Amino acid sequence: MRILGVSCWYHDAAAALLVDGEVVAAAAEERFSRRKHDYDFPASAIRWILEFAALEAPELDYVVFYEKPLVKFERILASYLSTVPRSYAAYITAMPLWLRQKLWFERELRKQTGYRGKVLYCDHHGAHAASAFLVSPFDEAAVLTVDGVGEWATTGVGRGRGNQVTLEREIRFPHSLGLLYSAVTAHLGFVVNNDEYKVMGLASYGSPSYRDAMAKLIRLNDDGSFALDLSYFAYHYGLRMLNAKGEALLGPRRQREGEIEQRHCDIAASLQECLEEAVLNITRALRRETGLPRLCMSGGVALNCVANARVLMEVPFDDVFIHPAAGDDGGALGAAVWAWNQVLDRPERWQMRDAYLGPEFGDEEIRRALQAQGKPFEEIGYGQVPRKAAELVYNNRIVGWFQGRMEWGPRALGSRSILANACNPEMKDILNAKVKHREDFRPFAPVMPAEDMKTYVDLPVESPYMLLIGDIHPDKRHLIPSVTHTDGTARPQSVHRETNPLYYQVLREFERLAAVPVVINTSFNVRGEPIVCTPLDAFRCFAGTGIDDLIIGPFWVRKEDL
Amino acid sequence: MAALISLWSALKKVFHTIGRVMTVVVLTLVYIVVFLPLGALLRAFGRAPLQTGQVASSTWHDRPVEHPTLDDAQRPF
């Protein structure tokens, strides 16, 4: 049985394919269209998935959309009705798109793919919940979904058991942790649905001196729920996130790309603290009410690794599973497993063991792509690839690393990564100057073998998807200065030999040279672009930036040879 | 032929612009005729579907526990 899950038309469009209950392929549209957070119908992702599985669209048994569009439309109409006449600007902007496109998923699907079979609709938070629990390693767990908004829900809590996951309660729009975070993100001059992680990084440079202001924006209730004071917000009726009263509370809005002042860091720190307290409040109540010792999380807010780590450390859950594509892209996979386990009631659950679900390119394909560039390259063979990469990194060269299947989710996890020397204290600045061109306040993350993680980082569980932060042990910080954030933390990736042998071997080879098995892992892209997908994308990024070497499949390309 | 193609492209741009303007005009009329009075009435009678004022001490809403059938799942609502 073949089930295709699809998410689109908000942000991070994606598709995922289940064949007989196994997730065989999943990818976000942005990787193909090269438009970051592309929200359009994921025609290219679906085309690749069908090609990968050697299927034609009519051979699919079901296609599942990650939302119920009419319920979402009802919420939007209700918002406009409730806030007339202030809602006119939002109404006149959104309505044409809804009437022309968003209400007609089935029509678009059939037009774009030629699929003629049944179309199913999963509700948005149901898809998140499925993506969190049904692919987790747990037989039973508490479930939390938190994001901006789906149809009506912005937060959902419940439990999963066996092949069923149920959200028992929800908090509804306009009360939303995700929209609160986005509203302040916009106020700080960053892009909504794109730059929230920058605010999280910025928070480490500030102190929560706007705590009182945040307390006016949100009230936490004893039962874990929360309520926003909507007199400060405009997102439920307008095109802006905060209204004049909200902006007055936080001070003047920062212009995009404007100077970052200490005040902005303090606002970010206050917001981050506020979010963490809200998430802790929900999860404590959830732990108390369910009595379950394990937690599964999904939704865009679950990408906030600082909040996730606090949940893990401060709420008595033994273990936490967070879907690597916790945002709307993960909804595509969630919708597909929901159909398989919940609707069709199939008992077999697919367990996510790694996030390598995207496109892969054979050696000959890579060779042809490199030959087409007309530049010299060397075939060093997979046997030499880890040692060569480690030597280059050890010698402070920046390495573009392109191997195997592309990652599912927003993080580079060793398939489309840039690797660099974590031991060099200058490397953060070098990487920023030569390749990433990103804000100085943003840290780089380390990758290390799973069995060595506790030696370097204070985290009680593994971190395969880079969705947790932990304190670098004080006696280790001097060893890996370029991945130690200003507050002494890092967002590590732990790697097992079984899940990514080549990548793991790089770490062991680097350890042989540097006596430390830790390397910088950052996404293989430049600022503002999606992570590379194809060999051609990788070569272009390599050639157009200060990356020194490209190790792609069994081949090695040196910048000096270009 | 090239002249006809150019003419057709120009006409498409004109029609597209007219379409966009008409969309705004029609939707504005709908807003004035339907949304404004209905919204005002709902608010006047305290029945606005979106609660934006003072909220209760808990904002949890129970979700019906569902075991969706294939027929249920085919509904976009």
# chains A, B, ... in the order shown; residues from 1 in each chain; ligands from 1
call {"tool": "interface_residues", "arguments": {"of": "chain B", "to": "chain A", "cutoff": "7 Å", "atoms": "only C-alpha atoms", "output": "MDAnalysis selection string"}}
result
chainID B and resid 24 27 35:36 39 43 48:50 52 57:63 65 68:70 73:77
call {"tool": "write_last_selection", "arguments": {"atoms": "N, CA and C atoms", "output": "compact mmCIF listing (two decimals), in the first residue's frame"}}
result
# COMPACT_ATOMS: atom_id res chain seq x y z
N VAL B 24 -10.55 42.79 -6.22
CA VAL B 24 -10.54 43.69 -5.04
C VAL B 24 -11.90 44.37 -4.90
N LEU B 27 -14.52 41.70 -3.76
CA LEU B 27 -14.30 41.28 -2.37
C LEU B 27 -14.57 42.43 -1.39
N PHE B 35 -19.64 41.15 5.65
CA PHE B 35 -18.79 41.05 6.84
C PHE B 35 -19.06 42.18 7.85
N LEU B 36 -19.12 43.42 7.34
CA LEU B 36 -19.28 44.54 8.28
C LEU B 36 -20.55 44.43 9.11
N GLY B 39 -20.55 41.07 11.24
CA GLY B 39 -19.55 41.15 12.30
C GLY B 39 -20.00 42.08 13.41
N ARG B 43 -20.85 40.97 17.28
CA ARG B 43 -20.15 41.59 18.41
C ARG B 43 -21.14 42.28 19.35
N ALA B 48 -19.36 37.04 18.97
CA ALA B 48 -18.24 36.99 18.04
C ALA B 48 -17.54 35.63 18.14
N PRO B 49 -17.26 35.01 17.00
CA PRO B 49 -16.71 33.65 17.06
C PRO B 49 -15.28 33.58 17.59
N LEU B 50 -14.59 34.72 17.58
CA LEU B 50 -13.21 34.73 18.09
C LEU B 50 -13.20 35.47 19.42
N THR B 52 -11.60 37.55 21.96
CA THR B 52 -10.39 38.38 22.06
C THR B 52 -10.37 39.19 23.36
N SER B 57 -9.97 31.18 33.30
CA SER B 57 -8.70 30.80 33.95
C SER B 57 -8.05 29.60 33.28
N SER B 58 -8.77 28.95 32.41
CA SER B 58 -8.16 27.89 31.62
C SER B 58 -8.53 28.09 30.15
N THR B 59 -7.59 27.87 29.28
CA THR B 59 -7.89 28.02 27.84
C THR B 59 -7.91 26.66 27.13
N TRP B 60 -7.90 25.60 27.91
CA TRP B 60 -7.99 24.28 27.27
C TRP B 60 -9.39 24.05 26.71
N HIS B 61 -9.45 23.45 25.56
CA HIS B 61 -10.71 22.97 24.99
C HIS B 61 -10.57 21.46 24.82
N ASP B 62 -11.61 20.74 25.23
CA ASP B 62 -11.56 19.30 25.01
C ASP B 62 -11.68 19.00 23.53
N ARG B 63 -10.92 18.02 23.08
CA ARG B 63 -11.06 17.55 21.70
C ARG B 63 -11.81 16.23 21.74
N VAL B 65 -12.56 12.60 21.28
CA VAL B 65 -11.68 11.46 20.95
C VAL B 65 -12.27 10.76 19.74
N PRO B 68 -10.99 7.93 13.46
CA PRO B 68 -11.54 8.28 12.15
C PRO B 68 -11.67 7.08 11.22
N THR B 69 -12.81 7.02 10.57
CA THR B 69 -13.00 6.01 9.54
C THR B 69 -12.51 6.59 8.22
N LEU B 70 -12.47 5.73 7.24
CA LEU B 70 -12.01 6.19 5.93
C LEU B 70 -12.94 7.28 5.38
N ALA B 73 -12.21 10.55 7.13
CA ALA B 73 -10.93 11.12 6.71
C ALA B 73 -11.01 11.78 5.34
N GLN B 74 -12.03 11.46 4.59
CA GLN B 74 -12.14 12.06 3.26
C GLN B 74 -12.80 13.43 3.29
N ARG B 75 -13.24 13.85 4.48
CA ARG B 75 -13.88 15.16 4.58
C ARG B 75 -12.84 16.24 4.82
N PRO B 76 -12.86 17.31 4.03
CA PRO B 76 -11.90 18.40 4.28
C PRO B 76 -12.37 19.33 5.40
N PHE B 77 -13.30 18.86 6.24
CA PHE B 77 -13.81 19.66 7.36
C PHE B 77 -14.04 18.77 8.57
call {"tool": "residues_around", "arguments": {"residues": "Gln112 of chain A", "least_positions_apart": "6", "cutoff": "12 Å", "atoms": "only C-alpha atoms", "output": "PDB file with N, CA and C atoms, in the first residue's frame"}}
result
ATOM      1  N   ASP A  40       4.757  26.601  -1.607  1.00  0.00           N
ATOM      2  CA  ASP A  40       3.914  26.258  -2.746  1.00  0.00           C
ATOM      3  C   ASP A  40       3.657  24.744  -2.818  1.00  0.00           C
ATOM      4  N   PHE A  41       2.705  24.357  -3.615  1.00  0.00           N
ATOM      5  CA  PHE A  41       2.407  22.931  -3.777  1.00  0.00           C
ATOM      6  C   PHE A  41       3.710  22.195  -4.104  1.00  0.00           C
ATOM      7  N   PRO A  42       4.032  21.104  -3.381  1.00  0.00           N
ATOM      8  CA  PRO A  42       5.359  20.494  -3.536  1.00  0.00           C
ATOM      9  C   PRO A  42       5.474  19.584  -4.762  1.00  0.00           C
ATOM     10  N   ALA A  43       5.252  20.154  -5.926  1.00  0.00           N
ATOM     11  CA  ALA A  43       5.248  19.349  -7.160  1.00  0.00           C
ATOM     12  C   ALA A  43       6.602  18.690  -7.400  1.00  0.00           C
ATOM     13  N   SER A  44       7.678  19.423  -7.151  1.00  0.00           N
ATOM     14  CA  SER A  44       9.014  18.850  -7.424  1.00  0.00           C
ATOM     15  C   SER A  44       9.344  17.751  -6.423  1.00  0.00           C
ATOM     16  N   ALA A  45       8.987  17.972  -5.164  1.00  0.00           N
ATOM     17  CA  ALA A  45       9.256  16.949  -4.148  1.00  0.00           C
ATOM     18  C   ALA A  45       8.466  15.679  -4.470  1.00  0.00           C
ATOM     19  N   ILE A  46       7.213  15.833  -4.884  1.00  0.00           N
ATOM     20  CA  ILE A  46       6.395  14.665  -5.225  1.00  0.00           C
ATOM     21  C   ILE A  46       6.975  13.960  -6.452  1.00  0.00           C
ATOM     22  N   ARG A  47       7.391  14.746  -7.422  1.00  0.00           N
ATOM     23  CA  ARG A  47       7.978  14.159  -8.644  1.00  0.00           C
ATOM     24  C   ARG A  47       9.205  13.320  -8.282  1.00  0.00           C
ATOM     25  N   ALA A  57       1.859   8.403 -10.314  1.00  0.00           N
ATOM     26  CA  ALA A  57       0.864   8.915  -9.358  1.00  0.00           C
ATOM     27  C   ALA A  57      -0.388   8.030  -9.261  1.00  0.00           C
ATOM     28  N   PHE A 105      -7.301  21.881  -2.682  1.00  0.00           N
ATOM     29  CA  PHE A 105      -6.132  20.998  -2.684  1.00  0.00           C
ATOM     30  C   PHE A 105      -6.300  19.850  -3.674  1.00  0.00           C
ATOM     31  N   GLU A 106      -7.488  19.261  -3.630  1.00  0.00           N
ATOM     32  CA  GLU A 106      -7.713  18.078  -4.463  1.00  0.00           C
ATOM     33  C   GLU A 106      -7.551  18.411  -5.949  1.00  0.00           C
TER      34      GLU A 106
END
call {"tool": "residues_around", "arguments": {"residues": "Gln272 of chain A", "least_positions_apart": "4", "cutoff": "9 Å", "atoms": "only C-alpha atoms", "output": "number ranges by chain"}}
result
A: 181, 199-200, 203, 208, 267-268, 276-277, 306-307
call {"tool": "select_by_dssp", "arguments": {"residues": "segment 9-69 of chain A", "states": "alpha helix (DSSP H)", "output": "VMD selection string"}}
result
chain A and resid 30 to 33 43 to 52 69
call {"tool": "write_last_selection", "arguments": {"atoms": "N, CA and C atoms", "output": "PDB file, in the first residue's frame"}}
result
ATOM      1  N   GLU A  30      11.483  23.145  -0.762  1.00  0.00           N
ATOM      2  CA  GLU A  30      12.516  24.183  -0.880  1.00  0.00           C
ATOM      3  C   GLU A  30      13.828  23.650  -1.443  1.00  0.00           C
ATOM      4  N   ARG A  31      14.119  22.374  -1.202  1.00  0.00           N
ATOM      5  CA  ARG A  31      15.395  21.831  -1.653  1.00  0.00           C
ATOM      6  C   ARG A  31      15.446  21.713  -3.173  1.00  0.00           C
ATOM      7  N   PHE A  32      14.275  21.593  -3.774  1.00  0.00           N
ATOM      8  CA  PHE A  32      14.210  21.452  -5.235  1.00  0.00           C
ATOM      9  C   PHE A  32      13.993  22.808  -5.896  1.00  0.00           C
ATOM     10  N   SER A  33      13.099  23.616  -5.294  1.00  0.00           N
ATOM     11  CA  SER A  33      12.780  24.911  -5.909  1.00  0.00           C
ATOM     12  C   SER A  33      13.857  25.943  -5.621  1.00  0.00           C
ATOM     13  N   ALA A  43       5.252  20.154  -5.926  1.00  0.00           N
ATOM     14  CA  ALA A  43       5.248  19.349  -7.160  1.00  0.00           C
ATOM     15  C   ALA A  43       6.602  18.690  -7.400  1.00  0.00           C
ATOM     16  N   SER A  44       7.678  19.423  -7.151  1.00  0.00           N
ATOM     17  CA  SER A  44       9.014  18.850  -7.424  1.00  0.00           C
ATOM     18  C   SER A  44       9.344  17.751  -6.423  1.00  0.00           C
ATOM     19  N   ALA A  45       8.987  17.972  -5.164  1.00  0.00           N
ATOM     20  CA  ALA A  45       9.256  16.949  -4.148  1.00  0.00           C
ATOM     21  C   ALA A  45       8.466  15.679  -4.470  1.00  0.00           C
ATOM     22  N   ILE A  46       7.213  15.833  -4.884  1.00  0.00           N
ATOM     23  CA  ILE A  46       6.395  14.665  -5.225  1.00  0.00           C
ATOM     24  C   ILE A  46       6.975  13.960  -6.452  1.00  0.00           C
ATOM     25  N   ARG A  47       7.391  14.746  -7.422  1.00  0.00           N
ATOM     26  CA  ARG A  47       7.978  14.159  -8.644  1.00  0.00           C
ATOM     27  C   ARG A  47       9.205  13.320  -8.282  1.00  0.00           C
ATOM     28  N   TRP A  48      10.062  13.888  -7.406  1.00  0.00           N
ATOM     29  CA  TRP A  48      11.261  13.122  -7.019  1.00  0.00           C
ATOM     30  C   TRP A  48      10.866  11.854  -6.259  1.00  0.00           C
ATOM     31  N   ILE A  49       9.905  11.971  -5.356  1.00  0.00           N
ATOM     32  CA  ILE A  49       9.514  10.817  -4.542  1.00  0.00           C
ATOM     33  C   ILE A  49       8.972   9.688  -5.424  1.00  0.00           C
ATOM     34  N   LEU A  50       8.131  10.049  -6.382  1.00  0.00           N
ATOM     35  CA  LEU A  50       7.558   9.022  -7.250  1.00  0.00           C
ATOM     36  C   LEU A  50       8.649   8.378  -8.106  1.00  0.00           C
ATOM     37  N   GLU A  51       9.562   9.202  -8.579  1.00  0.00           N
ATOM     38  CA  GLU A  51      10.671   8.675  -9.383  1.00  0.00           C
ATOM     39  C   GLU A  51      11.536   7.747  -8.533  1.00  0.00           C
ATOM     40  N   PHE A  52      11.792   8.170  -7.317  1.00  0.00           N
ATOM     41  CA  PHE A  52      12.632   7.373  -6.408  1.00  0.00           C
ATOM     42  C   PHE A  52      11.999   6.008  -6.148  1.00  0.00           C
ATOM     43  N   PRO A  69      -8.737  21.944   5.153  1.00  0.00           N
ATOM     44  CA  PRO A  69      -8.766  23.323   4.661  1.00  0.00           C
ATOM     45  C   PRO A  69     -10.052  24.081   4.987  1.00  0.00           C
TER      46      PRO A  69
END
call {"tool": "select_by_dssp", "arguments": {"residues": "segment 356-423 of chain A", "states": "strand (DSSP E)", "output": "list in words"}}
result
Glu378, Glu379, Val399, Gly400, Trp401, Phe402, Arg416, Ser417, Ile418, Leu419, Ala420 and Asn421 of chain A
call {"tool": "residues_around", "arguments": {"residues": "Asp354 of chain A", "least_positions_apart": "6", "cutoff": "10 Å", "atoms": "only C-alpha atoms", "output": "list in words"}}
result
Pro324, Glu407, Trp408, Leu413, Pro464, Tyr465, Val495, His496, Glu498, Thr499 and Asn500 of chain A
call {"tool": "write_last_selection", "arguments": {"atoms": "N, CA and C atoms", "output": "mmCIF file, in the first residue's frame"}}
result
data_model
loop_
_atom_site.group_PDB
_atom_site.id
_atom_site.type_symbol
_atom_site.label_atom_id
_atom_site.label_comp_id
_atom_site.auth_asym_id
_atom_site.auth_seq_id
_atom_site.Cartn_x
_atom_site.Cartn_y
_atom_site.Cartn_z
ATOM 1 N N PRO A 324 12.399 15.207 13.762
ATOM 2 C CA PRO A 324 13.437 16.099 13.215
ATOM 3 C C PRO A 324 12.890 17.198 12.317
ATOM 4 N N GLU A 407 19.081 14.979 4.248
ATOM 5 C CA GLU A 407 18.361 14.947 5.515
ATOM 6 C C GLU A 407 16.912 15.424 5.360
ATOM 7 N N TRP A 408 16.076 14.879 6.214
ATOM 8 C CA TRP A 408 14.674 15.309 6.361
ATOM 9 C C TRP A 408 14.616 16.271 7.532
ATOM 10 N N LEU A 413 22.671 17.061 8.906
ATOM 11 C CA LEU A 413 23.052 16.025 9.870
ATOM 12 C C LEU A 413 24.130 15.099 9.322
ATOM 13 N N PRO A 464 20.382 13.124 18.198
ATOM 14 C CA PRO A 464 20.694 12.797 16.799
ATOM 15 C C PRO A 464 20.213 13.852 15.806
ATOM 16 N N TYR A 465 19.217 14.659 16.225
ATOM 17 C CA TYR A 465 18.621 15.604 15.264
ATOM 18 C C TYR A 465 18.909 17.063 15.619
ATOM 19 N N VAL A 495 26.264 11.103 16.762
ATOM 20 C CA VAL A 495 26.212 10.214 15.583
ATOM 21 C C VAL A 495 26.594 8.806 15.973
ATOM 22 N N HIS A 496 25.841 7.849 15.446
ATOM 23 C CA HIS A 496 26.183 6.436 15.624
ATOM 24 C C HIS A 496 26.866 5.922 14.372
ATOM 25 N N GLU A 498 26.341 3.147 13.068
ATOM 26 C CA GLU A 498 25.378 2.401 12.248
ATOM 27 C C GLU A 498 24.548 3.332 11.359
ATOM 28 N N THR A 499 24.248 4.517 11.833
ATOM 29 C CA THR A 499 23.342 5.377 11.057
ATOM 30 C C THR A 499 24.072 6.172 9.978
ATOM 31 N N ASN A 500 25.338 6.507 10.214
ATOM 32 C CA ASN A 500 26.080 7.262 9.197
ATOM 33 C C ASN A 500 27.567 6.926 9.327
#
